[in-house]
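In what follows, a single structure is set out as structure tokens and then discussed.
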Amino acid sequence: MKISIKKLFAFIILITGLLGSCSDSYLDEVPLDRFSPENLLENEAGYDAALIALYNAAREEHIVASNNFEYMSVGTDLAQWGRNDSRGLKDYSLLNSNLSATIVYWDWAYKEMIVRANLILEDIDNPALEISDEIRSNIKGQALFFRGYTYNFLANIYGGVPIVAERITVPKFDFVRVPREEVLRFAANDLELASELLAVAVPDGRVPKAAAFHLLSEVYISIGMESGDDTFFDKSIASASKVINKEVGDYEIMTNRFGPASSEPGDVFSDLFAYGQVNRTSGNKEVMWAWQFESFILGGSTNGGIGNNGPRYWAPEYDKIISPNGFKNTPADSLIRGIGVNSPTNYVKYDIWAIDPDDIRNSEFNIRRTFYYNNPDDTEYYGKEIKAKRGVDGELYIVASDGTLTDQKLDTLRQYYPWIRKVDGAPFDDNVASGNTSKDLSRMRVAETYLLRAEAYFRKGNIGMAAMDINTVRERANAKLITSMDVTEDFILDERTRELLVEEPRLRTLIRMGRLVDRVRKYNSAPSVPGGPSSGTTIQDFNNFWPIPQKVIDANTGAEMPQNPGYPGS
């Protein structure tokens, strides 16, 4: 999805203007010397510029917590902070109402996503607009989708939050938190409307009708769990079925190899994430929606100008490994520089594959477990496999070519651990040292739709149908099929890990299922330093939701903004 300079500039001015708007009559004139809602949002081109700003904000979710922190995975059952300090939720006692992460995600939701969606929705139904009914419907559908997406995000991070359903043009200090169920119902209503309005076939990067039904399937599960009303599980099943049965678009789980990558060693799963093959136009019929990243294109990166920084988060700091001759490895096109901050737990590295080591999602084409020395200056070791053995102290040491142990210890928390190859891709702006790629990132695909329907069936008590949906995903992976007796909530979470690792915002999944605390305690309790903190030993029961930012509570002087239980001030 490319953005012209004119459209991008339009939105910088537009949003800036929004922040300073007020209701005094002398400011009601239509500005003629700059872009504003009054002179921009009057035709299809203006509204499309507004939508581009909304998509840009959505993509910022990936980087909003900074270049180093990816809080949707770190500190969960999947990954621990890969440094020998207490950051990255390695010490959950640092999760408080003043932590930058609790603030930036809240601000992203309210100041970037909701404000832009409400701006589009404010006047889109005006019959005087020079927009055809079909285009108008699709514009409105996209804005509703993102507002529903954002409120689902908020409900699965903070619980109950204020609902802002209209554009705010004057200062407001009396926001009121509503119960989580009400927030979820509001999100569902937006998504239901979006599902009626969105187009079936859309350009790469835009949300199609199928994406609304996919997300509705998740939100309905949450409402069913929150309310105790099992009919919402039926609604979830029906929504997912519309996607799976191709009633809302020609999407399907890919079972045969495709695209240029199919001529190279690999499998159908690796083809799904091959560079240049993530979108529908490349033949990938499984991905419904993907964030778009393009090098050397204005608007092709995040506002930080860094593209997709999945490698930076998930890849080990491979270039810091030193050969027995003292030569460091170097970042390369095939191994973009990682910084080892999303260090996979043993649960990810070993436990989830015990059921079937031959699962192709664990193949060398999808997880890199063997590494090589790549510095050509080291003529003895260049191109040779990095080998390691445990010393008498239990630590892992590099092995020399003669089989002896060197004194070079391998840091398995930060530098030497399995590389999830979904993050592979051409380096952004051809800069291999940046840790970023220009590969698009899958956000919604049909394999997850099956797993959502399986979860809804499970919660409805139909474990036979749940097993069938899980087996559809496992069969594509050439994994052993399961029986209905194997279906548990934990197995569903394990299967989501095997299928959606890197793609899934795991924190939100665990919170919406009410499983964050116990899963972190079980799978993320090993400290990187003896006696040091770990997520699993520091997390408390009240961390099942994040705290409301203190600055929000303090600024809301016209009404009480209660803190989540357990945090200071609650």
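For the structure tokens, the naming scheme is as follows: chains receive sequential letters (A, B, ...) according to their order of presentation, residues are indexed from 1 within each chain, and ligands are indexed from 1 in presentation order.
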
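Selecting strand (DSSP E) from the backbone DSSP output for stretch 308-494 of chain A yields Asn342, Ser343, Pro344, Ile367, Arg368, Ala388, Lys389, Arg390, Leu396, Tyr397, Ile398, Val399, Leu405, Thr406, Asp407, Gln408, Lys409, Trp419, Ile420, Leu441, Ser442, Arg443, Met444 and Arg445 of chain A.
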
Those same residues, written as a PDB file, in the first residue's frame with N, CA and C atoms?
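Final output, again08.pdb:
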ATOM      1  N   ASN A 342      13.651 -10.922  22.147  1.00  0.00           N
ATOM      2  CA  ASN A 342      12.562 -11.881  22.320  1.00  0.00           C
ATOM      3  C   ASN A 342      13.183 -13.272  22.337  1.00  0.00           C
ATOM      4  N   SER A 343      13.746 -13.637  23.458  1.00  0.00           N
ATOM      5  CA  SER A 343      14.450 -14.907  23.583  1.00  0.00           C
ATOM      6  C   SER A 343      13.433 -16.013  23.864  1.00  0.00           C
ATOM      7  N   PRO A 344      13.286 -16.974  22.955  1.00  0.00           N
ATOM      8  CA  PRO A 344      12.256 -18.007  23.140  1.00  0.00           C
ATOM      9  C   PRO A 344      12.463 -18.818  24.416  1.00  0.00           C
ATOM     10  N   ILE A 367      12.449 -23.136  11.151  1.00  0.00           N
ATOM     11  CA  ILE A 367      13.210 -22.774  12.349  1.00  0.00           C
ATOM     12  C   ILE A 367      14.667 -23.135  12.103  1.00  0.00           C
ATOM     13  N   ARG A 368      15.522 -22.163  12.163  1.00  0.00           N
ATOM     14  CA  ARG A 368      16.953 -22.385  11.952  1.00  0.00           C
ATOM     15  C   ARG A 368      17.596 -22.731  13.294  1.00  0.00           C
ATOM     16  N   ALA A 388      28.988 -26.699  19.706  1.00  0.00           N
ATOM     17  CA  ALA A 388      29.115 -26.353  21.119  1.00  0.00           C
ATOM     18  C   ALA A 388      28.870 -27.585  21.981  1.00  0.00           C
ATOM     19  N   LYS A 389      29.466 -27.571  23.177  1.00  0.00           N
ATOM     20  CA  LYS A 389      29.251 -28.624  24.157  1.00  0.00           C
ATOM     21  C   LYS A 389      29.189 -28.016  25.549  1.00  0.00           C
ATOM     22  N   ARG A 390      28.569 -28.762  26.444  1.00  0.00           N
ATOM     23  CA  ARG A 390      28.489 -28.329  27.833  1.00  0.00           C
ATOM     24  C   ARG A 390      29.824 -28.557  28.536  1.00  0.00           C
ATOM     25  N   LEU A 396      27.405 -23.712  28.120  1.00  0.00           N
ATOM     26  CA  LEU A 396      27.658 -24.117  26.742  1.00  0.00           C
ATOM     27  C   LEU A 396      28.875 -23.371  26.201  1.00  0.00           C
ATOM     28  N   TYR A 397      29.844 -24.120  25.667  1.00  0.00           N
ATOM     29  CA  TYR A 397      31.072 -23.517  25.155  1.00  0.00           C
ATOM     30  C   TYR A 397      31.273 -23.890  23.686  1.00  0.00           C
ATOM     31  N   ILE A 398      31.899 -22.990  22.939  1.00  0.00           N
ATOM     32  CA  ILE A 398      32.242 -23.264  21.544  1.00  0.00           C
ATOM     33  C   ILE A 398      33.321 -24.337  21.478  1.00  0.00           C
ATOM     34  N   VAL A 399      33.162 -25.232  20.510  1.00  0.00           N
ATOM     35  CA  VAL A 399      34.107 -26.328  20.316  1.00  0.00           C
ATOM     36  C   VAL A 399      35.036 -25.996  19.154  1.00  0.00           C
ATOM     37  N   LEU A 405      37.093 -28.062  23.879  1.00  0.00           N
ATOM     38  CA  LEU A 405      36.275 -26.910  24.275  1.00  0.00           C
ATOM     39  C   LEU A 405      37.153 -25.667  24.383  1.00  0.00           C
ATOM     40  N   THR A 406      36.663 -24.569  23.831  1.00  0.00           N
ATOM     41  CA  THR A 406      37.346 -23.291  24.015  1.00  0.00           C
ATOM     42  C   THR A 406      36.854 -22.665  25.310  1.00  0.00           C
ATOM     43  N   ASP A 407      37.370 -21.492  25.637  1.00  0.00           N
ATOM     44  CA  ASP A 407      36.883 -20.788  26.822  1.00  0.00           C
ATOM     45  C   ASP A 407      35.798 -19.771  26.465  1.00  0.00           C
ATOM     46  N   GLN A 408      35.287 -19.880  25.220  1.00  0.00           N
ATOM     47  CA  GLN A 408      34.268 -18.934  24.753  1.00  0.00           C
ATOM     48  C   GLN A 408      32.870 -19.485  25.024  1.00  0.00           C
ATOM     49  N   LYS A 409      32.218 -18.879  26.006  1.00  0.00           N
ATOM     50  CA  LYS A 409      30.896 -19.309  26.425  1.00  0.00           C
ATOM     51  C   LYS A 409      29.837 -18.749  25.466  1.00  0.00           C
ATOM     52  N   TRP A 419      16.269 -19.674  15.488  1.00  0.00           N
ATOM     53  CA  TRP A 419      15.879 -18.502  14.696  1.00  0.00           C
ATOM     54  C   TRP A 419      14.575 -18.830  13.980  1.00  0.00           C
ATOM     55  N   ILE A 420      13.490 -18.179  14.361  1.00  0.00           N
ATOM     56  CA  ILE A 420      12.183 -18.402  13.727  1.00  0.00           C
ATOM     57  C   ILE A 420      12.216 -17.741  12.354  1.00  0.00           C
ATOM     58  N   LEU A 441       4.039  -8.359   6.855  1.00  0.00           N
ATOM     59  CA  LEU A 441       3.799  -9.181   8.043  1.00  0.00           C
ATOM     60  C   LEU A 441       2.341  -9.608   8.096  1.00  0.00           C
ATOM     61  N   SER A 442       2.114 -10.913   8.081  1.00  0.00           N
ATOM     62  CA  SER A 442       0.752 -11.461   8.145  1.00  0.00           C
ATOM     63  C   SER A 442       0.088 -11.096   9.463  1.00  0.00           C
ATOM     64  N   ARG A 443      -1.142 -10.590   9.375  1.00  0.00           N
ATOM     65  CA  ARG A 443      -1.916 -10.252  10.575  1.00  0.00           C
ATOM     66  C   ARG A 443      -3.112 -11.177  10.764  1.00  0.00           C
ATOM     67  N   MET A 444      -3.722 -11.608   9.682  1.00  0.00           N
ATOM     68  CA  MET A 444      -4.867 -12.519   9.780  1.00  0.00           C
ATOM     69  C   MET A 444      -4.793 -13.518   8.643  1.00  0.00           C
ATOM     70  N   ARG A 445      -4.852 -14.786   8.995  1.00  0.00           N
ATOM     71  CA  ARG A 445      -4.881 -15.806   7.950  1.00  0.00           C
ATOM     72  C   ARG A 445      -5.796 -16.953   8.349  1.00  0.00           C
TER      73      ARG A 445
END

Distance query A:Gly300 at most 12 Å, only C-alpha atoms, self and fewer than 2 positions along chain excluded, as an MDAnalysis selection string: chainID A and resid 1:5 8 52 55:56 59:60 205 291:298 302:308 428:429 437:440

Give me a file of those residues, with C-alpha atoms, as a compact mmCIF listing (two decimals), in the first residue's frame.
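Now in result-v5.txt:
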# COMPACT_ATOMS: atom_id res chain seq x y z
CA MET A 1 0.00 0.00 0.00
CA LYS A 2 1.82 3.08 -1.24
CA ILE A 3 1.22 6.63 -0.01
CA SER A 4 1.80 9.73 -2.11
CA ILE A 5 3.65 12.71 -0.66
CA LEU A 8 0.96 11.87 3.69
CA ILE A 52 -4.19 5.74 4.60
CA TYR A 55 -3.67 2.10 8.09
CA ASN A 56 -0.38 3.79 8.90
CA ARG A 59 0.95 -0.62 11.35
CA GLU A 60 2.58 1.47 14.11
CA GLY A 205 -2.85 -4.38 2.55
CA TRP A 291 0.91 -5.02 7.21
CA GLN A 292 2.78 -3.60 4.24
CA PHE A 293 6.48 -2.69 4.32
CA GLU A 294 8.40 -1.50 1.26
CA SER A 295 11.94 -0.22 1.02
CA PHE A 296 12.72 3.04 -0.81
CA ILE A 297 8.99 3.93 -1.02
CA LEU A 298 7.53 6.92 0.82
CA THR A 302 6.80 2.89 10.02
CA ASN A 303 7.13 6.49 11.18
CA GLY A 304 10.49 5.54 12.62
CA GLY A 305 11.60 4.65 9.10
CA ILE A 306 12.60 1.14 10.07
CA GLY A 307 10.24 -1.17 8.20
CA ASN A 308 9.37 -4.55 9.70
CA PHE A 428 15.03 -2.84 4.78
CA ASP A 429 16.71 -0.25 2.57
CA THR A 437 13.19 -6.20 6.76
CA SER A 438 10.89 -4.94 4.04
CA LYS A 439 8.85 -8.17 4.15
CA ASP A 440 5.14 -7.73 4.79

For stretch 247-256 of chain A: contacts at 10 Å, only C-alpha atoms, fewer than 3 positions along chain excluded, given as a ChimeraX atom specification: /A:195,198-201,208-213,239,241-244,262,267-269,271-272,280,283-288,445-450,472-473,475-477

Exercise: A:Ile163 partners within 12 Å, only C-alpha atoms, chain neighbours under 6 positions left out, as a PyMOL selection string: chain A and resi 109-110+114-115+118+147-148+150-152+154-155+174-187

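Between atom CA of A:Val74 and atom CA of A:Val341 there is a distance of 8.0 Å.
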
Picked from stretch 195-234 of chain A by DSSP as alpha helix (DSSP H), as a PyMOL selection string: chain A and resi 195-197+209-227+231-234

Pairwise distance for atom CA of A:Arg257 and atom CA of A:Leu500, rounded to one decimal in Å: 18.7 Å
